[in-house]
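Pasting input.cif here (mmCIF, C-alpha atoms):
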```cif
data_run
#
loop_
_atom_site.label_atom_id
_atom_site.label_comp_id
_atom_site.auth_asym_id
_atom_site.auth_seq_id
_atom_site.Cartn_x
_atom_site.Cartn_y
_atom_site.Cartn_z
CA LEU N 1 12.79 -10.56 6.63
CA PHE N 2 13.41 -10.38 2.90
CA ILE N 3 14.19 -6.65 3.12
CA LYS N 4 16.53 -7.29 6.06
CA GLU N 5 18.37 -9.94 4.04
CA LEU N 6 19.00 -7.41 1.29
CA GLU N 7 20.19 -4.83 3.81
CA VAL N 8 22.68 -7.34 5.20
CA ALA N 9 23.98 -7.84 1.66
CA LEU N 10 24.47 -4.07 1.39
CA GLU N 11 26.28 -3.92 4.74
CA GLU N 12 28.58 -6.76 3.73
CA ASP N 13 29.34 -5.09 0.37
CA ARG N 14 27.87 -8.03 -1.53
CA ALA N 15 25.55 -5.55 -3.22
CA ASP N 16 25.68 -1.86 -4.03
CA ILE N 17 21.92 -1.32 -4.21
CA ALA N 18 18.66 -3.07 -3.37
CA VAL N 19 15.48 -2.43 -5.37
CA HIS N 20 12.21 -2.46 -3.45
CA SER N 21 8.51 -2.02 -3.92
CA MET N 22 8.05 0.98 -1.65
CA LYS N 23 4.78 -0.27 -0.20
CA ASP N 24 6.76 -3.10 1.42
CA MET N 25 9.33 -0.83 3.02
CA PRO N 26 9.15 -0.01 6.75
CA MET N 27 7.99 3.55 7.38
CA THR N 28 11.29 4.28 9.14
CA LEU N 29 14.55 3.10 7.59
CA PRO N 30 17.25 1.52 9.74
CA SER N 31 20.16 3.78 10.62
CA GLY N 32 22.78 3.90 7.91
CA PHE N 33 20.47 3.38 4.94
CA SER N 34 18.89 5.75 2.44
CA VAL N 35 16.30 5.31 -0.31
CA VAL N 36 15.85 7.12 -3.60
CA ILE N 37 12.39 6.96 -5.21
CA VAL N 38 13.00 6.09 -8.85
CA GLY N 39 10.88 6.24 -11.97
CA GLU N 40 7.32 7.38 -12.44
CA ARG N 41 4.81 5.69 -10.17
CA GLU N 42 2.97 2.76 -11.75
CA ASP N 43 -0.80 2.43 -11.30
CA ALA N 44 -1.35 2.88 -7.56
CA ARG N 45 -4.83 1.36 -7.51
CA ASP N 46 -6.01 -2.02 -6.35
CA ALA N 47 -7.36 -4.35 -9.02
CA PHE N 48 -10.53 -6.44 -9.04
CA VAL N 49 -9.81 -9.87 -10.55
CA SER N 50 -12.58 -12.35 -11.27
CA ASN N 51 -13.50 -14.97 -13.83
CA ARG N 52 -17.23 -14.42 -13.40
CA PHE N 53 -17.90 -10.83 -12.37
CA GLY N 54 -16.97 -7.44 -13.77
CA ASN N 55 -16.56 -5.37 -10.61
CA ILE N 56 -17.29 -5.26 -6.90
CA ASP N 57 -20.79 -3.87 -7.39
CA SER N 58 -21.75 -6.86 -9.56
CA LEU N 59 -20.83 -9.40 -6.87
CA PRO N 60 -23.91 -11.13 -5.42
CA GLN N 61 -24.61 -11.23 -1.71
CA GLY N 62 -22.39 -13.76 0.02
CA ALA N 63 -19.77 -13.81 -2.73
CA VAL N 64 -16.32 -14.92 -1.52
CA VAL N 65 -13.55 -12.35 -2.00
CA GLY N 66 -9.92 -13.14 -1.29
CA THR N 67 -7.35 -10.71 0.10
CA SER N 68 -4.43 -10.83 2.52
CA SER N 69 -4.69 -7.13 3.36
CA LEU N 70 -6.49 -5.72 6.39
CA ARG N 71 -6.62 -2.41 4.55
CA ARG N 72 -8.54 -3.95 1.67
CA GLU N 73 -10.67 -6.06 3.97
CA SER N 74 -11.76 -3.12 6.11
CA GLN N 75 -12.79 -1.06 3.07
CA LEU N 76 -14.63 -3.98 1.47
CA ARG N 77 -16.50 -4.75 4.68
CA TYR N 78 -17.38 -1.08 5.06
CA ALA N 79 -18.71 -0.82 1.50
CA ARG N 80 -20.13 -4.34 1.10
CA PRO N 81 -20.82 -5.96 4.50
CA ASP N 82 -22.76 -8.69 2.69
CA LEU N 83 -19.60 -10.18 1.14
CA GLU N 84 -17.57 -13.03 2.64
CA ILE N 85 -13.92 -12.01 2.94
CA LYS N 86 -11.37 -14.83 3.17
CA GLY N 87 -7.61 -14.76 3.58
CA LEU N 88 -5.50 -15.20 0.45
CA ARG N 89 -1.77 -15.92 0.67
CA GLY N 90 1.03 -16.72 -1.75
CA ASN N 91 2.69 -15.01 -4.68
CA VAL N 92 0.67 -13.58 -7.56
CA ASN N 93 0.71 -16.81 -9.54
CA THR N 94 -0.48 -18.79 -6.53
CA ARG N 95 -3.30 -16.35 -5.84
CA LEU N 96 -4.47 -16.39 -9.45
CA ALA N 97 -4.36 -20.20 -9.42
CA LYS N 98 -6.61 -20.27 -6.35
CA LEU N 99 -9.08 -17.99 -8.14
CA ASP N 100 -8.98 -20.21 -11.22
CA ALA N 101 -9.63 -23.24 -9.00
CA ALA N 102 -12.92 -21.57 -7.96
CA GLN N 103 -11.85 -21.09 -4.33
CA PHE N 104 -12.95 -17.46 -4.63
CA ASP N 105 -15.48 -15.49 -6.65
CA ALA N 106 -13.00 -12.61 -6.87
CA ILE N 107 -9.66 -11.52 -5.47
CA ILE N 108 -8.11 -8.10 -4.93
CA LEU N 109 -4.50 -7.49 -5.90
CA ALA N 110 -2.26 -4.49 -6.56
CA ALA N 111 -2.66 -3.36 -10.15
CA ALA N 112 1.03 -2.45 -10.35
CA GLY N 113 2.14 -5.97 -9.50
CA LEU N 114 -0.17 -7.52 -12.07
CA LYS N 115 0.97 -5.13 -14.79
CA ARG N 116 4.67 -5.56 -14.04
CA LEU N 117 4.31 -9.34 -14.18
CA GLY N 118 2.41 -9.25 -17.48
CA PHE N 119 -1.01 -10.12 -16.01
CA HIS N 120 -2.72 -6.85 -16.96
CA GLU N 121 -5.38 -8.78 -18.90
CA ARG N 122 -6.56 -10.40 -15.65
CA ILE N 123 -7.72 -7.03 -14.31
CA ARG N 124 -11.50 -6.78 -14.68
CA ALA N 125 -11.79 -3.39 -12.98
CA SER N 126 -9.63 -0.93 -11.09
CA LEU N 127 -10.73 0.23 -7.66
CA ALA N 128 -11.07 4.01 -7.78
CA PRO N 129 -9.16 5.76 -4.94
CA GLU N 130 -12.25 7.91 -4.43
CA PHE N 131 -13.80 4.83 -2.83
CA TYR N 132 -10.94 2.41 -2.09
CA LEU N 133 -7.62 3.85 -0.99
CA PRO N 134 -4.47 1.90 -1.92
CA ALA N 135 -1.57 1.01 0.35
CA ILE N 136 0.94 3.69 1.20
CA ALA N 137 3.45 4.04 -1.65
CA GLN N 138 1.75 1.33 -3.71
CA GLY N 139 3.07 1.24 -7.28
CA ALA N 140 6.31 3.09 -6.51
CA LEU N 141 9.84 1.69 -6.67
CA GLY N 142 12.78 2.69 -4.53
CA ILE N 143 16.49 1.92 -4.50
CA GLU N 144 18.11 1.48 -1.10
CA TYR N 145 21.82 1.97 -0.44
CA GLN N 146 24.21 2.60 2.42
CA SER N 147 24.10 6.27 3.38
CA THR N 148 27.90 6.43 3.41
CA ARG N 149 28.09 5.44 -0.26
CA ILE N 150 28.25 8.90 -1.78
CA ASP N 151 29.26 7.33 -5.09
CA VAL N 152 26.07 5.27 -5.20
CA ALA N 153 23.97 8.32 -4.34
CA ALA N 154 25.49 10.08 -7.34
CA TRP N 155 24.68 7.11 -9.61
CA LEU N 156 21.02 7.26 -8.63
CA VAL N 157 20.44 10.98 -9.22
CA PRO N 158 19.37 10.55 -12.89
CA LEU N 159 16.86 7.86 -11.90
CA ALA N 160 15.03 9.88 -9.25
CA ASP N 161 11.54 11.13 -10.03
CA GLU N 162 10.77 14.41 -8.30
CA ASN N 163 6.99 14.19 -8.58
CA THR N 164 6.77 10.59 -7.39
CA THR N 165 9.14 11.38 -4.54
CA ALA N 166 6.86 14.16 -3.30
CA ILE N 167 3.70 12.06 -3.23
CA ILE N 168 5.45 9.05 -1.69
CA ASN N 169 7.02 11.25 0.99
CA ALA N 170 3.58 12.59 1.87
CA GLU N 171 2.06 9.12 2.13
CA ARG N 172 4.92 7.66 4.15
CA ALA N 173 4.90 10.61 6.53
CA PHE N 174 1.19 9.93 7.07
CA GLY N 175 2.01 6.28 7.84
CA ARG N 176 4.84 7.10 10.21
CA ALA N 177 2.64 9.49 12.16
CA LEU N 178 0.10 6.70 12.61
CA THR N 179 2.74 4.01 13.31
CA ALA N 180 1.57 2.11 10.24
CA SER N 181 2.19 -1.61 9.95
CA CYS N 182 0.64 -4.57 8.18
CA ASP N 183 -1.57 -5.03 11.24
CA VAL N 184 -3.23 -1.63 10.89
CA PRO N 185 -6.06 -1.07 8.38
CA LEU N 186 -5.08 2.26 6.88
CA GLY N 187 -4.23 3.66 3.50
CA ALA N 188 -3.27 6.90 1.79
CA HIS N 189 -3.11 8.25 -1.73
CA ALA N 190 -1.42 11.50 -2.72
CA THR N 191 -1.64 13.20 -6.09
CA LEU N 192 -0.25 16.33 -7.64
CA ILE N 193 -2.84 18.97 -8.39
CA GLU N 194 -2.57 22.40 -9.96
CA GLY N 195 -0.47 24.47 -7.62
CA GLY N 196 0.11 21.79 -5.02
CA LEU N 197 -0.47 18.32 -3.64
CA SER N 198 -3.56 16.54 -2.35
CA ILE N 199 -3.59 13.54 0.00
CA ASP N 200 -6.44 11.30 1.13
CA GLY N 201 -6.04 8.96 4.10
CA PHE N 202 -8.11 6.66 6.27
CA VAL N 203 -7.97 4.48 9.38
CA ALA N 204 -10.58 1.81 10.03
CA MET N 205 -11.54 -1.12 12.18
CA PRO N 206 -10.71 -4.42 10.46
CA ASN N 207 -14.39 -5.39 10.35
CA GLY N 208 -15.32 -2.12 8.66
CA SER N 209 -17.57 -1.07 11.51
CA ARG N 210 -15.85 2.30 11.79
CA MET N 211 -13.83 4.31 9.31
CA ILE N 212 -12.32 7.77 9.53
CA ARG N 213 -11.28 9.26 6.20
CA ARG N 214 -10.23 12.80 5.36
CA SER N 215 -8.20 14.72 2.79
CA MET N 216 -5.94 17.77 2.74
CA THR N 217 -4.17 19.90 0.18
CA GLY N 218 -0.98 21.89 0.45
CA LEU N 219 2.30 22.82 -1.20
CA VAL N 220 4.45 20.20 -2.91
CA ALA N 221 7.47 21.48 -1.00
CA GLU N 222 5.66 20.64 2.25
CA ALA N 223 4.69 17.09 1.26
CA GLU N 224 5.89 15.40 4.46
CA SER N 225 4.35 18.06 6.70
CA LEU N 226 1.08 17.62 4.85
CA GLY N 227 1.09 13.87 5.49
CA VAL N 228 1.74 14.44 9.18
CA ALA N 229 -0.99 17.08 9.38
CA LEU N 230 -3.53 14.71 7.82
CA ALA N 231 -2.57 11.99 10.30
CA GLN N 232 -3.01 14.41 13.17
CA MET N 233 -6.41 15.41 11.83
CA LEU N 234 -7.51 11.76 11.80
CA ILE N 235 -6.15 11.21 15.30
CA GLY N 236 -8.13 14.20 16.50
CA GLU N 237 -11.29 12.71 15.02
CA GLY N 238 -10.90 9.31 16.66
CA ALA N 239 -8.22 7.42 14.74
CA GLY N 240 -6.16 7.26 17.92
CA GLU N 241 -8.93 5.31 19.61
CA ILE N 242 -9.03 2.83 16.72
CA LEU N 243 -5.26 2.37 16.78
CA ALA N 244 -5.27 1.93 20.56
CA SER N 245 -7.97 -0.71 20.36
CA LEU N 246 -6.01 -2.60 17.71
CA THR N 247 -2.86 -2.42 19.86
CA ARG N 248 -4.74 -3.83 22.85
CA HIS N 249 -6.23 -6.58 20.69
CA GLY N 250 -2.79 -7.50 19.39
CA ALA N 251 -1.36 -7.61 22.91
CA ASP N 252 -4.23 -9.80 24.09
CA ALA N 253 -3.65 -12.17 21.16
CA LYS N 254 -0.02 -12.61 22.21
#
```

Write-out of the structure in structure tokens:
Amino acid sequence: LFIKELEVALEEDRADIAVHSMKDMPMTLPSGFSVVIVGEREDARDAFVSNRFGNIDSLPQGAVVGTSSLRRESQLRYARPDLEIKGLRGNVNTRLAKLDAAQFDAIILAAAGLKRLGFHERIRASLAPEFYLPAIAQGALGIEYQSTRIDVAAWLVPLADENTTAIINAERAFGRALTASCDVPLGAHATLIEGGLSIDGFVAMPNGSRMIRRSMTGLVAEAESLGVALAQMLIGEGAGEILASLTRHGADAK
């Protein structure tokens, strides 16, 4: 709804541009809008925040961990089924306040958000993508504008980051191919490697009972095709069944 409000402002010429955290952007933009990925990507990892413990491995059995993300929850339950995962809502300040009020033993937040808000000292450990994949496009910023505004497109050219654009395009293509939404536990993380691009992706059941994770490498120029190919690989190995079961569950809930 917040993104839609900004898009209405663009349509009504009350704004020339809208700046977004790319992980919050729909995988498919509405007709008439374009996005330029700007600046180097901030830390894409999730952050472990706790007043008592140093990392996930140090949490005792039954420890209460707060997160609002099904993606994080599914990976935590897969790795540490002994933990108690509870929902955590609100802005960053609210979530930190709930931790400080001892409602949780630890909480998981995006490292980029904490760093941009000046809370980098609250990060006790970063969750390595080798074990915990971040949200699609986490840590990247984009500027949205009306596609017809050629003048605005020209303004944004100096701000675009070619490398970040390639990895974000790969991740978002992966998400589109899997019809990603906030209700689907999946994640992806692309990086530039010597001579090309590598992308890891996963789809899981919310309770962590099943996870399908694979990786692929390819050419930077084929970033979007690589994301789609990885999604198709996961679908071929059972991700489609997971997504179908989640769709049925959502329909039943309604």

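Atom pair CA of Leu70 (chain N) / CA of Met211 (chain N): separated by 12.8 Å.
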
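Residues with any atom within 12 Å of Pro30 (chain N), counting only C-alpha atoms and excluding same-chain neighbours fewer than 4 positions away, are Ile3, Lys4, Glu7, Val8, Glu11, Met25, Pro26, Ser34, Val35, Glu144, Tyr145, Gln146 and Ser147 of chain N.
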
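Considering all atoms listed in the file, the residue among N:Gln138, N:Thr165, N:Ser215, N:Ser126 positioned nearest to Phe48 (chain N) is N:Ser126.
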
### Matched chain/residue IDs from the PyMOL selection byres ((chain N and resi 57-63) around 7), as a list of chain:residue names
N:Phe53, N:Gly54, N:Asn55, N:Ile56, N:Val64, N:Val65, N:Asp82, N:Leu83, N:Glu84, N:Asp105

### Message
Need the shell around Glu130 (chain N): protein/DNA/RNA residues with any atom at most 12 Å away, counting only C-alpha atoms. Skip same-chain ones fewer than 3 positions apart. Format as a PyMOL selection string?
### Response
chain N and resi 45-46+75+126-127+133-134+188-191+199-202+213-215

### Message
Can you spell out as a ChimeraX atom specification the set of residues that the PyMOL selection byres ((chain N and resi 116) around 12) selects in the structure I just provided?
### Response
/N:21,41-43,92,110-115,117-121,139-141

### Query
Which one of N:Ile123, N:Leu109, N:Ala9, N:Leu246 sits closest to Val184 (chain N) if you count all atoms listed in the file?
N:Leu246

### Message
Can you translate the PyMOL selection byres ((chain N and resi 157-159) around 9) into the concrete residues it hits in this file, as a VMD selection string?
### Response
chain N and resid 36 to 39 152 to 156 160 to 161

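Distance-wise, CA of Phe33 (chain N) and CA of Leu10 (chain N) end up 9.2 Å apart.
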